[in-house]
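Peer 1: Take this structure, written in structure tokens, and hold onto it; I'll ask about it next.
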Amino acid sequence: MSKIIGIDLGTSNSAAAALVGGKPTIIQAAEGTSIGGKSFPSVVAFSKEGQLMVGEPARRQMLSNPEGTVLAAKRKMGTDYKFRVYGKEYTPQQISSFILQKIKRDAEAFLGDTVNKAVITCPAYFNDNQRQATKDAGEIAGLEVVRIINEPTAASLAFGLDKVQKDLKIMVFDFGGGTLDVTIMEMGGGVFEVKSTHGDTQLGGTDMDNTLIDYLVNEFKKQSGLDVKNDKAAMMRIREAAEKAKIELSNIVTTEINLPFLAYDASSGPKNFILTLTRSKLEELLRPIVERCRNPMLQALQDAKLNTSDIDKIILVGGTYQNANS
Amino acid sequence: MDKDKDKDNDYSLLENDVNESDTSFSQQQQQQLNVDNSNENEKIDELQKTKTELDYYRNLYNETLNKLKYSLADFDNFRKNIERQNSLKILSIKADVLSTLINIREDFIRALDTIKQNKIDNAILEGLDSILKTINIFLEKEGLKEIDSIDKPFDPNIHEIIGFSYNNGDIDENIITKEIRKGYFLNDRVLRPSLVEVSKKIVKNNDNDNNTKGDEI
């Protein structure tokens, strides 16, 4: 019997998992963000010659081929919108099916077996049209979609909340790279019911990265007198260092930004950038962003007619939650 | 006369005896036949039972053998999967370590380039170059290879565009003119793509109502 894979068909990134030896295992994307990378960008592109690109290659070329690149097709699912690319029209389902086809290929290569069945997650706020469109995308990709599951329900199942022998009120706080989704659910007898959902489509980990990058650029300017905002190579190094520091400060209280020869001043020579960054400084920088998470949470609680004390469990998901947690 | 009568009686008695004896013999025979028949039936039953049992065990054997074959094939697939996943895991860990080493190597090259701009003892330069050579040999041995970029046509599988260099059409479009960050292969996979600028012709902007970008980004 062929395996059923679980797919997170995301707005910015997508990923998939399967049970391997009874254990949920994330399927490595063939061209992930790194070797052994697990997710890949939900980007589809066509070259002028009609060549299809999905994932990393599609993202890497989008600056030079914006008219041939489709981003965030998920936002148009369930609508009559058509993406027009070099004279051809594509429905959001077709675009999503290209992403799902890639997932199917990656899964087959990873599992060493054919894959014909899938469970796909979708946001709790998706209506019937949007859910049907997601299912259709799967069918176009050659996958029998055995179930469409709400993303917060999938997160709760991953934490084993369906096995808890009592009724629960759950808040799922999903802080991704580009969006924040807060969902309030009730669970009884293993059945989940969404009570309310709220979010911010313009708030995510990218905002945190940009805040930290701005801080580092300013600090370097204070140290060296040089502004590197227009120096692409220097900015690339600062961005990488910022991402690394952000991840490190989730586990340790202090880290060092160490970028030798970051820039060159014609009069005074090369400039190094060495800076100690503490977790408290990072928290101070990120506080305005964390504060922006408050309203969606309060709104979701209000819509569900609940108080904070009514919530039995809070599930934190998405790549950014560790910073928001602080 | 009486004697004769008696004799007759005797004969008749004898005849009776013979008849009786005949009957008893045929009964015995019948009984024997019955016993034989019942034995035979029992044997047939037993044979039938044995045959049924044999069929059952033959089927069981075939089923078990098939199950064993499937289990062995499953195990073989599982073993291959584990091996493949382990090698992917090893590759992923190796990629992480090499990525850090690459950054250190590039810092070293920056330092070396800066030093070369100043007057410095040749022996020191030679020593530093020799260190770089050792690093390069080590990385190459581990399967690392630089991605060629400059003057090559852009390939989204190994390059990433982060900017443009505009020209009047003297260079073909999408040719890499500048490498912002070097890219590397680890064996046959891209460890990190080259970040590049590509050539673009300066042209008059014609009205293009394509809306694949716009609010989507």
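Just so we're on the same page: first chain in the structure tokens is A, next is B, and so on; residues restart at 1 for each chain, and ligands are numbered from 1 in the order they show up.
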Check every residue of chain B for an atom within 9 Å of chain A, counting only C-alpha atoms, and provide those that qualify as a VMD selection string.
Peer 2: chain B and resid 77 to 78 80 to 81 84 to 85 88 to 89 91 to 93 95 to 96 107 to 108 110 to 111 114 154 to 164 174 180 to 181 186 189 to 193 195 198 200 210 to 213 216 to 217
Peer 1: If you run DSSP on the backbone here, which positions in segment 35-257 of chain A get helix (DSSP H, G or I)? Please write them as a PyMOL selection string.
Peer 2: chain A and resi 56-60+66-68+73-76+92-111+128-140+151-158+161-163+205-224+232-248
Peer 1: Out of A:Val164, A:Met187, A:Ala124, A:Ala133, which residue has the shortest atom-to-atom distance to Asn150 of chain A when counting only C-alpha atoms?
Peer 2: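 The answer is A:Ala124, which sits nearest to Asn150 of chain A.
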Peer 1: Between atom CA of Gly205 of chain A and atom CA of Leu316 of chain A, what distance in Å does the model show, to one decimal?
Peer 2: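 Those two atoms sit 13.9 Å apart.
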Peer 1: Tell me, as a PDB file with N, CA, C and O atoms, in the first residue's frame, which residues lie within 9 Å of Lys102 of chain A, counting only C-alpha atoms; anything in the same chain fewer than 5 positions away does not count.
Peer 2:
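What follows is the written file out-v5.pdb:
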ATOM      1  N   ALA A  29      13.239  18.441   0.421  1.00  0.00           N
ATOM      2  CA  ALA A  29      12.984  18.952  -0.919  1.00  0.00           C
ATOM      3  C   ALA A  29      14.239  18.761  -1.762  1.00  0.00           C
ATOM      4  O   ALA A  29      15.362  18.948  -1.265  1.00  0.00           O
ATOM      5  N   ALA A  30      14.046  18.378  -3.030  1.00  0.00           N
ATOM      6  CA  ALA A  30      15.202  18.121  -3.896  1.00  0.00           C
ATOM      7  C   ALA A  30      16.073  19.369  -4.029  1.00  0.00           C
ATOM      8  O   ALA A  30      17.293  19.289  -4.029  1.00  0.00           O
ATOM      9  N   VAL A  54       9.833  25.452 -10.578  1.00  0.00           N
ATOM     10  CA  VAL A  54       9.079  25.450  -9.322  1.00  0.00           C
ATOM     11  C   VAL A  54      10.067  25.495  -8.159  1.00  0.00           C
ATOM     12  O   VAL A  54      11.089  24.816  -8.187  1.00  0.00           O
ATOM     13  N   GLY A  55       9.754  26.292  -7.146  1.00  0.00           N
ATOM     14  CA  GLY A  55      10.576  26.314  -5.931  1.00  0.00           C
ATOM     15  C   GLY A  55      11.772  27.239  -6.057  1.00  0.00           C
ATOM     16  O   GLY A  55      11.661  28.350  -6.569  1.00  0.00           O
ATOM     17  N   SER A  97      -1.045  23.205  -8.430  1.00  0.00           N
ATOM     18  CA  SER A  97      -0.791  21.806  -8.800  1.00  0.00           C
ATOM     19  C   SER A  97       0.667  21.608  -9.230  1.00  0.00           C
ATOM     20  O   SER A  97       1.228  20.533  -9.030  1.00  0.00           O
ATOM     21  N   ALA A 107       8.713  13.473  -2.821  1.00  0.00           N
ATOM     22  CA  ALA A 107       8.288  12.449  -1.866  1.00  0.00           C
ATOM     23  C   ALA A 107       8.608  11.061  -2.412  1.00  0.00           C
ATOM     24  O   ALA A 107       9.087  10.196  -1.679  1.00  0.00           O
ATOM     25  N   ALA A 141      -2.626  17.383  -9.811  1.00  0.00           N
ATOM     26  CA  ALA A 141      -1.235  16.936  -9.641  1.00  0.00           C
ATOM     27  C   ALA A 141      -1.132  15.409  -9.588  1.00  0.00           C
ATOM     28  O   ALA A 141      -0.037  14.870  -9.433  1.00  0.00           O
TER      29      ALA A 141
END
Peer 1: Which residues are close to segment 165-167 of chain B, i.e. within 12 Å by only C-alpha atoms, leaving aside same-chain residues fewer than 3 positions away? Reply as an MDAnalysis selection string.
Peer 2: (chainID A and resid 64) or (chainID B and resid 161:162 170:179 196:203)
Peer 1: Could the residues in this selection be written to a file with C-alpha atoms, as a PDB file, in the first residue's frame?
Peer 2:
ATOM      1  CA  SER A  64      14.720  39.166 -14.114  1.00  0.00           C
TER       2      SER A  64
ATOM      3  CA  ILE B 161      19.819  37.213  -9.594  1.00  0.00           C
ATOM      4  CA  ILE B 162      20.027  40.032  -7.079  1.00  0.00           C
ATOM      5  CA  ASP B 170      26.210  45.435 -26.554  1.00  0.00           C
ATOM      6  CA  ILE B 171      25.927  42.421 -24.215  1.00  0.00           C
ATOM      7  CA  ASP B 172      23.238  39.762 -24.621  1.00  0.00           C
ATOM      8  CA  GLU B 173      20.540  39.757 -21.948  1.00  0.00           C
ATOM      9  CA  ASN B 174      20.829  37.503 -18.900  1.00  0.00           C
ATOM     10  CA  ILE B 175      24.603  37.165 -19.094  1.00  0.00           C
ATOM     11  CA  ILE B 176      26.273  37.296 -15.681  1.00  0.00           C
ATOM     12  CA  THR B 177      28.330  40.459 -15.393  1.00  0.00           C
ATOM     13  CA  LYS B 178      29.138  40.504 -11.675  1.00  0.00           C
ATOM     14  CA  GLU B 179      29.355  37.945  -8.910  1.00  0.00           C
ATOM     15  CA  VAL B 196      24.861  37.554  -9.385  1.00  0.00           C
ATOM     16  CA  GLU B 197      24.064  40.603 -11.442  1.00  0.00           C
ATOM     17  CA  VAL B 198      22.979  40.015 -15.025  1.00  0.00           C
ATOM     18  CA  SER B 199      23.027  42.175 -18.125  1.00  0.00           C
ATOM     19  CA  LYS B 200      19.856  43.980 -19.124  1.00  0.00           C
ATOM     20  CA  LYS B 201      19.217  46.218 -22.111  1.00  0.00           C
ATOM     21  CA  ILE B 202      17.981  49.728 -21.457  1.00  0.00           C
ATOM     22  CA  VAL B 203      14.731  49.866 -23.404  1.00  0.00           C
TER      23      VAL B 203
END
Peer 1: Find the distance between atom CA of Ala137 of chain A and atom CA of Gly199 of chain A and write it in Å to one decimal.
Peer 2: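 These two atoms are separated by 25.1 Å.
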Peer 1: Excluding Lys221 of chain A and residues on its chain fewer than 4 positions from it, collect all residues at most 12 Å away from it, counting only C-alpha atoms, and give them as a VMD selection string.
Peer 2: chain A and resid 214 to 217 225 to 229 262 to 263 265 271 to 273
Peer 1: Go ahead and save the residues from that selection, with all heavy atoms, as a compact mmCIF listing (two decimals), in the first residue's frame.
Peer 2:
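Full text of out05.txt as output:
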# COMPACT_ATOMS: atom_id res chain seq x y z
N ASP A 214 18.56 46.41 10.09
CA ASP A 214 18.64 47.88 10.20
C ASP A 214 19.50 48.29 11.38
O ASP A 214 20.32 49.21 11.29
CB ASP A 214 17.23 48.49 10.36
CG ASP A 214 16.46 48.42 9.06
OD1 ASP A 214 17.09 48.16 8.02
OD2 ASP A 214 15.22 48.62 9.09
N TYR A 215 19.32 47.59 12.52
CA TYR A 215 20.09 47.89 13.72
C TYR A 215 21.58 47.67 13.46
O TYR A 215 22.42 48.52 13.79
CB TYR A 215 19.59 47.01 14.88
CG TYR A 215 20.48 47.05 16.09
CD1 TYR A 215 20.51 48.16 16.94
CD2 TYR A 215 21.32 45.97 16.40
CE1 TYR A 215 21.34 48.18 18.06
CE2 TYR A 215 22.16 45.99 17.50
CZ TYR A 215 22.16 47.11 18.32
OH TYR A 215 23.00 47.15 19.41
N LEU A 216 21.90 46.55 12.81
CA LEU A 216 23.32 46.22 12.55
C LEU A 216 23.95 47.22 11.58
O LEU A 216 25.09 47.66 11.78
CB LEU A 216 23.46 44.79 12.01
CG LEU A 216 23.06 43.67 12.97
CD1 LEU A 216 23.21 42.31 12.31
CD2 LEU A 216 23.89 43.71 14.25
N VAL A 217 23.19 47.61 10.55
CA VAL A 217 23.70 48.58 9.58
C VAL A 217 24.01 49.91 10.30
O VAL A 217 25.07 50.52 10.09
CB VAL A 217 22.69 48.79 8.42
CG1 VAL A 217 23.06 49.99 7.57
CG2 VAL A 217 22.61 47.54 7.56
N GLY A 225 31.64 54.81 10.30
CA GLY A 225 31.28 55.99 9.54
C GLY A 225 30.86 55.65 8.12
O GLY A 225 30.61 56.53 7.30
N LEU A 226 30.77 54.35 7.81
CA LEU A 226 30.40 53.93 6.44
C LEU A 226 28.96 53.41 6.39
O LEU A 226 28.54 52.66 7.27
CB LEU A 226 31.33 52.81 5.95
CG LEU A 226 32.80 53.16 5.74
CD1 LEU A 226 33.58 51.91 5.36
CD2 LEU A 226 32.95 54.22 4.64
N ASP A 227 28.25 53.83 5.35
CA ASP A 227 26.89 53.33 5.15
C ASP A 227 26.94 52.24 4.08
O ASP A 227 27.33 52.50 2.94
CB ASP A 227 25.97 54.48 4.70
CG ASP A 227 24.52 54.06 4.69
OD1 ASP A 227 24.26 52.84 4.84
OD2 ASP A 227 23.65 54.93 4.53
N VAL A 228 26.56 51.01 4.46
CA VAL A 228 26.68 49.90 3.51
C VAL A 228 25.34 49.52 2.87
O VAL A 228 25.24 48.48 2.22
CB VAL A 228 27.31 48.65 4.18
CG1 VAL A 228 28.77 48.87 4.48
CG2 VAL A 228 26.54 48.26 5.43
N LYS A 229 24.34 50.39 3.06
CA LYS A 229 22.99 50.04 2.57
C LYS A 229 22.97 49.72 1.07
O LYS A 229 22.17 48.91 0.61
CB LYS A 229 22.01 51.17 2.88
CG LYS A 229 21.30 50.93 4.20
CD LYS A 229 20.21 51.91 4.44
CE LYS A 229 19.65 51.71 5.84
NZ LYS A 229 19.34 52.94 6.52
N LEU A 262 34.33 44.04 6.22
CA LEU A 262 32.96 44.19 5.70
C LEU A 262 32.91 45.27 4.62
O LEU A 262 32.18 45.14 3.64
CB LEU A 262 31.99 44.53 6.85
CG LEU A 262 30.53 44.65 6.45
CD1 LEU A 262 29.99 43.32 5.93
CD2 LEU A 262 29.66 45.11 7.62
N ALA A 263 33.68 46.32 4.83
CA ALA A 263 33.67 47.41 3.84
C ALA A 263 35.06 48.03 3.76
O ALA A 263 35.91 47.80 4.62
CB ALA A 263 32.65 48.46 4.24
N ASP A 265 37.11 51.65 3.18
CA ASP A 265 37.07 53.12 3.10
C ASP A 265 38.34 53.58 2.39
O ASP A 265 39.45 53.24 2.82
CB ASP A 265 36.98 53.69 4.53
CG ASP A 265 36.83 55.21 4.51
OD1 ASP A 265 36.44 55.74 3.46
OD2 ASP A 265 37.11 55.85 5.54
N LYS A 271 37.38 48.01 6.89
CA LYS A 271 36.65 48.13 8.16
C LYS A 271 36.06 46.77 8.56
O LYS A 271 35.39 46.12 7.74
CB LYS A 271 35.49 49.13 8.02
CG LYS A 271 35.91 50.53 7.65
CD LYS A 271 36.55 51.23 8.83
CE LYS A 271 37.08 52.61 8.41
NZ LYS A 271 38.06 53.13 9.37
N ASN A 272 36.32 46.38 9.79
CA ASN A 272 35.73 45.14 10.32
C ASN A 272 34.48 45.50 11.12
O ASN A 272 34.37 46.61 11.64
CB ASN A 272 36.71 44.44 11.25
CG ASN A 272 38.03 44.16 10.55
OD1 ASN A 272 38.03 43.77 9.38
ND2 ASN A 272 39.14 44.38 11.24
N PHE A 273 33.59 44.55 11.24
CA PHE A 273 32.40 44.78 12.05
C PHE A 273 32.32 43.69 13.10
O PHE A 273 32.03 42.52 12.79
CB PHE A 273 31.15 44.78 11.16
CG PHE A 273 29.88 45.10 11.90
CD1 PHE A 273 29.86 45.96 12.99
CD2 PHE A 273 28.66 44.56 11.49
CE1 PHE A 273 28.69 46.27 13.67
CE2 PHE A 273 27.48 44.85 12.15
CZ PHE A 273 27.49 45.71 13.25
Peer 1: What's the 9 Å shell around Ser2 of chain A, counting only C-alpha atoms, without same-chain residues fewer than 6 positions away, as a list in words?
Peer 2: Asp113, Thr114, Val115, Asn116 and Lys117 of chain A
Peer 1: With all heavy atoms retained, export the selected residues as a JSON list (two decimals), in the first residue's frame.
Peer 2:
[["chain", "number", "residue", "atom", "x", "y", "z"],
["A", 113, "ASP", "N", 9.16, 5.07, -3.30],
["A", 113, "ASP", "CA", 7.90, 4.40, -3.62],
["A", 113, "ASP", "C", 6.98, 5.40, -4.31],
["A", 113, "ASP", "O", 7.16, 6.61, -4.16],
["A", 113, "ASP", "CB", 7.26, 3.91, -2.31],
["A", 113, "ASP", "CG", 6.26, 2.79, -2.55],
["A", 113, "ASP", "OD1", 6.02, 2.45, -3.72],
["A", 113, "ASP", "OD2", 5.72, 2.26, -1.56],
["A", 114, "THR", "N", 5.98, 4.87, -5.04],
["A", 114, "THR", "CA", 5.04, 5.81, -5.66],
["A", 114, "THR", "C", 4.13, 6.41, -4.59],
["A", 114, "THR", "O", 3.80, 5.76, -3.60],
["A", 114, "THR", "CB", 4.16, 5.13, -6.73],
["A", 114, "THR", "OG1", 3.59, 3.98, -6.13],
["A", 114, "THR", "CG2", 4.93, 4.75, -7.95],
["A", 115, "VAL", "N", 3.74, 7.66, -4.82],
["A", 115, "VAL", "CA", 2.86, 8.35, -3.87],
["A", 115, "VAL", "C", 1.63, 8.82, -4.64],
["A", 115, "VAL", "O", 1.75, 9.56, -5.61],
["A", 115, "VAL", "CB", 3.59, 9.56, -3.23],
["A", 115, "VAL", "CG1", 2.64, 10.39, -2.39],
["A", 115, "VAL", "CG2", 4.75, 9.09, -2.38],
["A", 116, "ASN", "N", 0.46, 8.36, -4.22],
["A", 116, "ASN", "CA", -0.78, 8.74, -4.92],
["A", 116, "ASN", "C", -1.80, 9.42, -4.02],
["A", 116, "ASN", "O", -2.80, 9.93, -4.51],
["A", 116, "ASN", "CB", -1.45, 7.49, -5.52],
["A", 116, "ASN", "CG", -0.54, 6.79, -6.48],
["A", 116, "ASN", "OD1", 0.09, 7.42, -7.32],
["A", 116, "ASN", "ND2", -0.42, 5.48, -6.34],
["A", 117, "LYS", "N", -1.57, 9.38, -2.72],
["A", 117, "LYS", "CA", -2.56, 9.93, -1.79],
["A", 117, "LYS", "C", -1.93, 10.99, -0.89],
["A", 117, "LYS", "O", -0.77, 10.86, -0.51],
["A", 117, "LYS", "CB", -3.14, 8.82, -0.93],
["A", 117, "LYS", "CG", -3.99, 7.84, -1.70],
["A", 117, "LYS", "CD", -4.54, 6.79, -0.78],
["A", 117, "LYS", "CE", -5.38, 5.80, -1.57],
["A", 117, "LYS", "NZ", -5.94, 4.77, -0.73]]
Peer 1: Taking the chain letters and numbering used in this document, name the residues of chain B that DSSP puts in strand (DSSP E or B), as a ChimeraX atom specification.
Peer 2: /B:144-146,153,159-167,175-181,184-186,189-192,194-201
Peer 1: Write out as number ranges by chain each polymer residue whose atoms come within 10 Å of Gln132 of chain A, counting only C-alpha atoms; drop sequence neighbours fewer than 5 positions from it.
Peer 2: A: 77-78, 93, 126-127, 137-138, 148
